[in-house]
Structures are given as structure tokens and as C-alpha cells.
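Below is one structure; the comments refer to it alone.
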Amino acid sequence: MLEEASGRIIAMAAAQRVLYTTHDATRFNARDFLNAVCETAKQTFPHELALDCEADAVQLPNDVAMPLALIANELLTNAVKYGLNGRAVGTIRVRLRRENDSLLFYVEDDGPGFDLQSVPAEVLGVSSRSGTGAAAWRGI
């Protein structure tokens, strides 16, 4: 539990670092932001792990920073813990893409995967709207 809280604090610190270095206090560069979050998170992962982060050249409102940092940290941590299935070697890809009037954010790993149909919805959290991710997305 303490390790999870530490990860969240680190993610928020990365977001703050980018926000405080921007000239416009209301918007920030998505590339700089995502790279800062990824690099900060990578410091807590095995050194052999490859972390590939890319973002389209978009400006995001600063009230998106904390929720996005927390979501990214959570997804990265889960990819390392569960997606890579305990392997210290692997690749995690993080992308933030503009699609029409929306943004698509995803994290994927090169782990073995699983059969989505065999996992109950409650386990995945898709039937719940009260989890950390759901609360953070409502904030965006």
C-alpha cells in the first residue's frame, strides 16, 4: 500500500514539474508532460524494461494533468506487475493520440495477454463506476 501511494506521489510530482516549467499556466505540452511522467515512473521499474512513450503535438488544459498522471502511473504499474507477468524484460508502450475532436490514451505491454471473455466484468472493473480510473476520467 505504501509503495502504491509512493508511485502516485511520484506521478503527481512529475506533472507538477512540467506544469511549473510552462510559460502558459492554463495549458501544457502533452509530449513534455507524458515523457516526464513516463521517465519518472521508469525509475521505479526494472532497468531492463523498455518504456516507449509518444504523444501527438497537442496542448492540454492544466486541470487534466493530475488525473492523467495518476491514470498513467496506475496503468504503467499494472503493466509491469501483471502484464509482463513478473518478467523484468519487456516493452511497455504509452500513447496519447488526437482522433478527430477526442484524445485516445493507451498503455500496452508485450506480455502474454489473457482471454478477455474468460474474465468476469467485476474483476476488470468495467461494471463499476467507482474505481480510481473512473473517478479520474470523470474529472477530465
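For the C-alpha cells, the naming scheme is as follows: chains receive sequential letters (A, B, ...) according to their order of presentation, residues are indexed from 1 within each chain, and ligands are indexed from 1 in presentation order.
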Open item on the list: Show me, as a list in words, the residues that have an atom within 8 Å of Asp110 (chain A) when counting only C-alpha atoms, minus same-chain residues fewer than 2 positions from it.
Closed with: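 Answer for this query is Gly83, Leu84, Gly90, Thr91, Ile92, Glu108, Pro112 and Gly113 of chain A.
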Atoms to include: all heavy atoms. Write the selected residues as a CSV table (one decimal), in the first residue's frame.
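Saved the output as again.csv:
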```
chain,number,residue,atom,x,y,z
A,83,GLY,N,0.9,-7.3,-16.5
A,83,GLY,CA,1.0,-7.5,-18.0
A,83,GLY,C,2.3,-8.3,-18.4
A,83,GLY,O,2.2,-9.1,-19.3
A,84,LEU,N,3.4,-8.0,-17.8
A,84,LEU,CA,4.6,-8.6,-18.1
A,84,LEU,C,4.8,-9.9,-17.3
A,84,LEU,O,5.8,-10.6,-17.5
A,84,LEU,CB,5.8,-7.7,-17.9
A,84,LEU,CG,5.8,-6.4,-18.8
A,84,LEU,CD1,7.0,-5.6,-18.4
A,84,LEU,CD2,5.8,-6.8,-20.2
A,90,GLY,N,11.0,-6.5,-21.0
A,90,GLY,CA,9.8,-6.4,-21.8
A,90,GLY,C,9.7,-4.9,-22.3
A,90,GLY,O,10.5,-4.1,-22.0
A,91,THR,N,8.6,-4.6,-23.0
A,91,THR,CA,8.4,-3.3,-23.5
A,91,THR,C,7.0,-2.9,-23.2
A,91,THR,O,6.0,-3.6,-23.3
A,91,THR,CB,8.5,-3.3,-25.1
A,91,THR,OG1,9.9,-3.7,-25.4
A,91,THR,CG2,8.3,-1.9,-25.6
A,92,ILE,N,6.8,-1.6,-22.7
A,92,ILE,CA,5.5,-1.0,-22.5
A,92,ILE,C,5.5,0.2,-23.4
A,92,ILE,O,6.4,1.0,-23.4
A,92,ILE,CB,5.4,-0.6,-21.0
A,92,ILE,CG1,5.5,-1.9,-20.1
A,92,ILE,CG2,4.0,0.1,-20.8
A,92,ILE,CD1,5.4,-1.6,-18.6
A,108,GLU,N,0.1,-0.2,-23.4
A,108,GLU,CA,0.1,-1.6,-23.8
A,108,GLU,C,1.4,-2.2,-23.5
A,108,GLU,O,2.5,-1.6,-23.5
A,108,GLU,CB,-0.3,-1.8,-25.2
A,108,GLU,CG,0.6,-1.2,-26.2
A,108,GLU,CD,0.2,-1.4,-27.7
A,108,GLU,OE1,-1.0,-1.9,-27.9
A,108,GLU,OE2,0.9,-1.0,-28.6
A,112,PRO,N,2.1,-11.8,-22.1
A,112,PRO,CA,1.3,-12.9,-22.8
A,112,PRO,C,-0.1,-12.6,-23.0
A,112,PRO,O,-0.8,-13.3,-23.8
A,112,PRO,CB,1.5,-14.1,-21.8
A,112,PRO,CG,1.7,-13.4,-20.5
A,112,PRO,CD,2.5,-12.1,-20.8
A,113,GLY,N,-0.7,-11.7,-22.4
A,113,GLY,CA,-2.1,-11.4,-22.6
A,113,GLY,C,-3.0,-12.4,-21.9
A,113,GLY,O,-2.6,-13.3,-21.1
```
Write out as a PyMOL selection string each polymer residue whose atoms come within 12 Å of Leu76 (chain A), counting only C-alpha atoms; drop sequence neighbours fewer than 6 positions from it. chain A and resi 4+7-8+11+34+37-45+49-53+68-70+82-84+91-95+106-109
One decimal place gives the CA of Arg97 (chain A)-CA of Asp56 (chain A) separation as 5.3 Å
Separation of CA of Phe33 (chain A) and CA of Ala65 (chain A), in Å?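 Calculated distance between CA of Phe33 (chain A) and CA of Ala65 (chain A) is 8.0 Å.
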